[in-house]
Protein chains: 2
Amino acid sequence: MIDITKNIATAPRRTKASVIRELLKITNKPGVISFAGGLPDPEHFPYDFVTDSVKEIMARKGRVALQYGPTDGLPELKEEFLKFLKKHEGIEAKPENVIVTTASQQALDMVGRLFIDASDPVLVEKPSYMGGLQVFKSYGADFVGVKLEEDGVSVTELEERLSWLKSQDEHYKFVYLVPDFQNPSGVTLSEEKRLKVIELSEKYDVAIIEDSPYRQIRFEGKAPKMLYKLDQETRRTSNIISLFTFSKTFAPGLRLGVILAHPHIVRKMEILKQSLDLCSSSLNQLIAADFLRNGVFEAHVEKVKKAYKAKKDAMVGALEKYMPEGVTWTKPEGGLFLWVRLPEGMSADDMFHDAIKENVAYVIGSAFHCDGSGKNTMRLNFSYPTLDEIDEGIKRLATTVKKRLAAAK
Amino acid sequence: MIDITKNIATAPRRTKASVIRELLKITNKPGVISFAGGLPDPEHFPYDFVTDSVKEIMARKGRVALQYGPTDGLPELKEEFLKFLKKHEGIEAKPENVIVTTASQQALDMVGRLFIDASDPVLVEKPSYMGGLQVFKSYGADFVGVKLEEDGVSVTELEERLSWLKSQDEHYKFVYLVPDFQNPSGVTLSEEKRLKVIELSEKYDVAIIEDSPYRQIRFEGKAPKMLYKLDQETRRTSNIISLFTFSKTFAPGLRLGVILAHPHIVRKMEILKQSLDLCSSSLNQLIAADFLRNGVFEAHVEKVKKAYKAKKDAMVGALEKYMPEGVTWTKPEGGLFLWVRLPEGMSADDMFHDAIKENVAYVIGSAFHCDGSGKNTMRLNFSYPTLDEIDEGIKRLATTVKKRLAAAK
């Protein structure tokens, strides 16, 4: 057999297995309550809607649904998505501003592929979404981490980094942000800081990736405007590239997302996508278009938000009830995750196998840090487990923490 | 706005828009009979099957269908695919030998990504499948073309090239072949040559990509065994990586394919796919599993083969009836395409706009040649047009050819 180690290219050697996907294999152990995944609650998938929608599609649009489609997406879905943008985000956009993707992970791959040459600096939040870090790394990104604060990325530190990179003539191309209920931390970037980010984008001639998979799942508080919208209202840099997905508002099983950007960027993305997978599933695009039509989306998201709020409240309540002093956590106003900080010096990495012994799982926070820091942090998912599992699981996690604290004394 | 020309990376600068996808925009002109696409005939898509299958899936497996799935594919589909391999190809394989992809184009991207560093030589048939050339080029492949003969790639020339590359210590990693009813030419690699290819694979320590999207659409003649199977029976090099798709046997709108390879390769592919799109659509995978189950696949493919044979016969008949002397064509025993050769010195590239004026379209053969040669060739698709369109379209094409021949006198 060919010697694979010798024969593979540079990119796959840089591509590491996803810590989450590998962890999930361990946490599938029976009896384990897992806060490690990032799965939507299947209790709320719109099963009957899908059945009815497919029946209707096969009857009326079967020839479109089962055939190849345009690389940039079916007009049916683009049209509904543009209406959604207008209605929910006040964003005016045209078909040439959007391209349909095989969900957000493909969008991240396309961003990486479009911009990154090996050793190019890429600015990311610390912590940041692991799937983004993984794919950017595969293109050889040299990460520049920027501290995350309670109201989102530190714009002071962001400017320092950009200014330094510019002074060094470095090929920085974009800043990667998850502004709404960030994965992993659950924090949201304030509108004031958003305006500053746009200002920096203009000043330093850098694209901003607004990765916003959870934005529609806001169950409390007031939403700041999207970066894309704020840019339209203020500086009109056209530097914002916004990523949307149907995975949290509808179903991940469809593998559908959308990139919203300037037509020049979209056209480049279209050419890339020709060689990545030609087009995303036409059948699934028509189902998603149907979902956006006639208020199905709104009614569904209301149900999901209500359920996730109850779960978030349950998790925060359980943390307050069971966790020892010195442990803190975020209280997200939406999304799927919250972020726990253990006392300084304690390692969530080391504690992971203890937790599995107690039959509870989480994702180690260090996996979300481009520099491997954040050892005393962990990400907890509240969307997937049931209310009872949340209470019991947090109790087990608190027990694990207390045991380690006692052992350390 | 950021200066995109300045800011993009090397790979997208190497990625050219697909000639076919761009041509299709022109050929959509009303009144044009197009032999340019590569679309399956929508007349034969199994619409009712999809409706019934989705209804059943939502009732029984909805939670799997709408959720994220394992990166390497749902066990349900893998299991049915392995049975299909055994039954139709006599291939024994295990779940760790296969990974589900977002159709063959993604498989080609994964192959490119796994093996190619910029300037690595990649051996391809001349002509070869354009989607393969496009994606390999995006990784910086330095193509080494090998002549295609009536019974497939020239193994003599292939050995010469491999021997030369080896002597130069070049990093050649794989040979890309479409052995069955090749796209674009329609020719099939003989079993004798397949055995020689495997011998060369062992001798020169090189992987063989067996891209076989049309193999199941054989409407006459006897199928040589798959390269993968022949390797299992003879040298057991494990160097064969075989690509399958549901696009021709079922429906392209599902975007599903499978890679069959040694587990070491599959594992690498799995890690790549984590960053490409996490997983392919679970819903569509369950539909495809259902399609393979209980003979639905076999009955459907029989219907498709019968229809395509009639269309191929019609096209060959029309070519015989209308084409002037000096024009030749292949007579494929399966697949979707045949290949026309104009008299030496005539250019199908130059003739393209004349053809559009006569309201008929094809794909220029040079687009399939890694070195831009093959100016006097063209690819014709017979699966999509109706029998009447085939007759009328070939008549128009013959008129175009005759006019040019007359003008050249």
# chains A, B, ... in the order shown; residues from 1 in each chain; ligands from 1

$ interface_residues --of "chain A" --to "chain B" --cutoff "7 Å" --atoms "only C-alpha atoms" --output "ChimeraX atom specification"
/A:1-2,7-12,15-17,42,47,51,54-55,58,62-63,65-68,102-103,105-106,109,113-117,131,134-135,173,205-207,237-239,251-255,271-272,274-278,280-283

$ write_last_selection --atoms "C-alpha atoms" --output "compact mmCIF listing (two decimals), in the first residue's frame"
# COMPACT_ATOMS: atom_id res chain seq x y z
CA MET A 1 0.00 0.00 0.00
CA ILE A 2 1.13 3.56 -0.66
CA ASN A 7 2.13 10.80 0.40
CA ILE A 8 -0.35 13.22 1.91
CA ALA A 9 -0.22 16.94 1.33
CA THR A 10 0.47 19.71 3.81
CA ALA A 11 -3.14 20.73 4.45
CA PRO A 12 -4.35 17.40 5.84
CA THR A 15 -6.01 19.25 9.89
CA LYS A 16 -6.57 17.80 13.33
CA ALA A 17 -9.51 15.65 14.31
CA PRO A 42 -34.96 16.84 18.45
CA TYR A 47 -41.48 16.36 11.47
CA THR A 51 -43.49 15.19 5.40
CA VAL A 54 -41.85 16.98 0.57
CA LYS A 55 -45.19 15.62 -0.64
CA MET A 58 -42.65 16.19 -5.29
CA GLY A 62 -40.07 17.40 -8.22
CA ARG A 63 -38.00 18.06 -11.32
CA ALA A 65 -35.91 19.11 -6.23
CA LEU A 66 -34.15 16.01 -7.51
CA GLN A 67 -31.98 17.69 -10.15
CA TYR A 68 -28.68 19.59 -9.94
CA THR A 102 -23.93 23.13 2.66
CA ALA A 103 -24.44 24.65 6.15
CA GLN A 105 -19.21 24.63 8.23
CA GLN A 106 -18.91 24.80 4.45
CA ASP A 109 -14.32 26.39 4.71
CA ARG A 113 -10.14 28.90 1.25
CA LEU A 114 -10.90 32.33 -0.18
CA PHE A 115 -8.58 34.27 2.10
CA ILE A 116 -5.92 32.20 3.81
CA ASP A 117 -2.48 31.34 2.54
CA GLY A 131 -15.02 24.31 13.90
CA GLN A 134 -10.05 23.79 12.83
CA VAL A 135 -10.78 24.74 9.24
CA LYS A 173 -7.37 39.23 5.72
CA ASP A 205 -8.97 47.37 5.43
CA VAL A 206 -9.97 44.00 6.83
CA ALA A 207 -13.02 41.81 6.26
CA THR A 237 -17.59 49.42 3.93
CA SER A 238 -19.10 46.26 2.35
CA ASN A 239 -16.48 44.42 4.39
CA ALA A 251 -32.77 21.21 11.35
CA PRO A 252 -29.05 20.39 10.98
CA GLY A 253 -29.97 17.28 8.98
CA LEU A 254 -30.67 19.45 5.94
CA ARG A 255 -27.11 20.86 5.87
CA ILE A 271 -16.52 29.66 -8.19
CA LEU A 272 -15.02 27.97 -5.13
CA GLN A 274 -18.28 24.72 -8.03
CA SER A 275 -15.25 22.69 -7.12
CA LEU A 276 -16.33 21.91 -3.53
CA ASP A 277 -19.68 20.24 -4.19
CA LEU A 278 -21.25 21.85 -7.31
CA SER A 280 -26.24 22.11 -2.17
CA SER A 281 -29.17 19.68 -2.11
CA SER A 282 -32.03 21.04 -4.23
CA LEU A 283 -34.58 19.00 -2.33

$ residues_around --residues "Ser383 of chain B" --least-positions-apart "4" --cutoff "12 Å" --atoms "only C-alpha atoms" --output "JSON, numbers by chain"
{"B": [34, 35, 36, 37, 38, 39, 40, 41, 42, 43, 44, 214, 217, 248, 304, 305, 306, 307, 308, 309, 310, 311, 312, 313, 314, 315, 334, 335, 336, 337, 338, 387, 389, 390]}

$ atom_distance --atom1 "atom CA of Lys375 of chain B" --atom2 "atom CA of Pro343 of chain B"
10.3 Å

$ closest_residue --among "B:Glu89, B:Glu150, B:Glu79, B:Asp142" --to "Trp329 of chain B" --atoms "only C-alpha atoms"
B:Glu150

$ select_by_dssp --residues "segment 40-220 of chain B" --states "alpha helix (DSSP H)" --output "MDAnalysis selection string"
chainID B and resid 47:65 75:84 103:115 130:138 155:167 191:203

$ write_last_selection --atoms "C-alpha atoms" --output "PDB file, in the first residue's frame"
ATOM      1  CA  TYR B  47     -40.907  11.100  -7.224  1.00  0.00           C
ATOM      2  CA  ASP B  48     -43.469   8.900  -5.498  1.00  0.00           C
ATOM      3  CA  PHE B  49     -40.754   6.868  -3.890  1.00  0.00           C
ATOM      4  CA  VAL B  50     -39.254  10.007  -2.321  1.00  0.00           C
ATOM      5  CA  THR B  51     -42.630  11.151  -0.962  1.00  0.00           C
ATOM      6  CA  ASP B  52     -43.349   7.759   0.565  1.00  0.00           C
ATOM      7  CA  SER B  53     -39.833   7.317   1.867  1.00  0.00           C
ATOM      8  CA  VAL B  54     -39.796  10.703   3.621  1.00  0.00           C
ATOM      9  CA  LYS B  55     -43.175  10.046   5.205  1.00  0.00           C
ATOM     10  CA  GLU B  56     -41.901   6.741   6.567  1.00  0.00           C
ATOM     11  CA  ILE B  57     -38.584   8.250   7.699  1.00  0.00           C
ATOM     12  CA  MET B  58     -40.295  11.102   9.551  1.00  0.00           C
ATOM     13  CA  ALA B  59     -42.530   8.608  11.334  1.00  0.00           C
ATOM     14  CA  ARG B  60     -39.783   6.175  12.308  1.00  0.00           C
ATOM     15  CA  LYS B  61     -36.424   7.890  12.145  1.00  0.00           C
ATOM     16  CA  GLY B  62     -37.210  11.603  12.184  1.00  0.00           C
ATOM     17  CA  ARG B  63     -34.817  12.272  15.034  1.00  0.00           C
ATOM     18  CA  VAL B  64     -31.959  10.821  13.035  1.00  0.00           C
ATOM     19  CA  ALA B  65     -33.022  12.378   9.733  1.00  0.00           C
ATOM     20  CA  PRO B  75     -24.704   3.439   9.629  1.00  0.00           C
ATOM     21  CA  GLU B  76     -28.052   2.859   7.869  1.00  0.00           C
ATOM     22  CA  LEU B  77     -26.636   4.009   4.533  1.00  0.00           C
ATOM     23  CA  LYS B  78     -23.242   2.394   4.996  1.00  0.00           C
ATOM     24  CA  GLU B  79     -24.872  -0.953   5.667  1.00  0.00           C
ATOM     25  CA  GLU B  80     -27.024  -0.834   2.539  1.00  0.00           C
ATOM     26  CA  PHE B  81     -24.112   0.390   0.456  1.00  0.00           C
ATOM     27  CA  LEU B  82     -21.917  -2.492   1.605  1.00  0.00           C
ATOM     28  CA  LYS B  83     -24.655  -4.930   0.605  1.00  0.00           C
ATOM     29  CA  PHE B  84     -24.898  -3.216  -2.775  1.00  0.00           C
ATOM     30  CA  ALA B 103     -21.708  13.675  -3.875  1.00  0.00           C
ATOM     31  CA  SER B 104     -18.698  12.927  -6.087  1.00  0.00           C
ATOM     32  CA  GLN B 105     -17.564  16.506  -6.473  1.00  0.00           C
ATOM     33  CA  GLN B 106     -16.855  16.640  -2.750  1.00  0.00           C
ATOM     34  CA  ALA B 107     -15.052  13.316  -3.030  1.00  0.00           C
ATOM     35  CA  LEU B 108     -12.823  14.825  -5.723  1.00  0.00           C
ATOM     36  CA  ASP B 109     -12.184  17.838  -3.512  1.00  0.00           C
ATOM     37  CA  MET B 110     -11.235  15.515  -0.662  1.00  0.00           C
ATOM     38  CA  VAL B 111      -8.873  13.582  -2.926  1.00  0.00           C
ATOM     39  CA  GLY B 112      -7.249  16.819  -4.066  1.00  0.00           C
ATOM     40  CA  ARG B 113      -7.000  18.135  -0.559  1.00  0.00           C
ATOM     41  CA  LEU B 114      -5.610  14.893   0.823  1.00  0.00           C
ATOM     42  CA  PHE B 115      -2.848  14.472  -1.713  1.00  0.00           C
ATOM     43  CA  MET B 130     -13.533  18.758 -16.098  1.00  0.00           C
ATOM     44  CA  GLY B 131     -14.811  18.882 -12.506  1.00  0.00           C
ATOM     45  CA  GLY B 132     -11.820  16.788 -11.483  1.00  0.00           C
ATOM     46  CA  LEU B 133      -9.354  18.930 -13.411  1.00  0.00           C
ATOM     47  CA  GLN B 134     -10.873  22.082 -11.923  1.00  0.00           C
ATOM     48  CA  VAL B 135     -10.615  21.004  -8.314  1.00  0.00           C
ATOM     49  CA  PHE B 136      -7.158  19.416  -8.647  1.00  0.00           C
ATOM     50  CA  LYS B 137      -5.968  22.626 -10.301  1.00  0.00           C
ATOM     51  CA  SER B 138      -7.244  24.630  -7.350  1.00  0.00           C
ATOM     52  CA  VAL B 155      -1.046   1.980 -20.156  1.00  0.00           C
ATOM     53  CA  THR B 156       2.157   2.224 -22.183  1.00  0.00           C
ATOM     54  CA  GLU B 157       2.136   5.993 -21.978  1.00  0.00           C
ATOM     55  CA  LEU B 158       1.052   5.832 -18.334  1.00  0.00           C
ATOM     56  CA  GLU B 159       4.112   3.726 -17.516  1.00  0.00           C
ATOM     57  CA  GLU B 160       6.401   6.068 -19.449  1.00  0.00           C
ATOM     58  CA  ARG B 161       5.106   9.043 -17.496  1.00  0.00           C
ATOM     59  CA  LEU B 162       5.317   7.289 -14.130  1.00  0.00           C
ATOM     60  CA  SER B 163       8.796   6.045 -14.861  1.00  0.00           C
ATOM     61  CA  TRP B 164       9.923   9.528 -15.831  1.00  0.00           C
ATOM     62  CA  LEU B 165       8.298  11.151 -12.770  1.00  0.00           C
ATOM     63  CA  LYS B 166       9.942   8.568 -10.529  1.00  0.00           C
ATOM     64  CA  SER B 167      13.334   9.189 -12.095  1.00  0.00           C
ATOM     65  CA  GLU B 191     -10.127  -5.494 -17.909  1.00  0.00           C
ATOM     66  CA  GLU B 192      -6.719  -6.320 -19.322  1.00  0.00           C
ATOM     67  CA  LYS B 193      -5.623  -2.719 -18.971  1.00  0.00           C
ATOM     68  CA  ARG B 194      -7.158  -2.507 -15.509  1.00  0.00           C
ATOM     69  CA  LEU B 195      -4.858  -5.315 -14.392  1.00  0.00           C
ATOM     70  CA  LYS B 196      -1.916  -3.438 -15.872  1.00  0.00           C
ATOM     71  CA  VAL B 197      -2.949  -0.237 -14.064  1.00  0.00           C
ATOM     72  CA  ILE B 198      -2.932  -2.142 -10.761  1.00  0.00           C
ATOM     73  CA  GLU B 199       0.501  -3.531 -11.594  1.00  0.00           C
ATOM     74  CA  LEU B 200       1.770  -0.001 -12.254  1.00  0.00           C
ATOM     75  CA  SER B 201       0.159   1.235  -9.053  1.00  0.00           C
ATOM     76  CA  GLU B 202       2.198  -1.310  -7.128  1.00  0.00           C
ATOM     77  CA  LYS B 203       5.402  -0.790  -9.085  1.00  0.00           C
TER      78      LYS B 203
END

$ select_by_dssp --residues "segment 129-204 of chain B" --states "strand (DSSP E)" --output "list in words"
Asp142, Phe143, Val144, Gly145, Val146, Lys147, Leu148, Glu149, Gly152, Val153, Phe174, Val175, Tyr176 and Leu177 of chain B

$ residues_around --residues "Met323 of chain B" --least-positions-apart "5" --cutoff "12 Å" --atoms "only C-alpha atoms" --output "ChimeraX atom specification"
/B:315-318,328-329,340-343,391,393-403,405

$ atom_distance --atom1 "atom CA of Val32 of chain B" --atom2 "atom CA of Ala355 of chain B"
9.3 Å

$ residues_around --residues "Ala367 of chain A" --least-positions-apart "5" --cutoff "9 Å" --atoms "only C-alpha atoms" --output "count of residues only"
8

$ residues_around --residues "Ile99 of chain A" --least-positions-apart "3" --cutoff "6 Å" --atoms "only C-alpha atoms" --output "PyMOL selection string"
chain A and resi 72-73+258-259
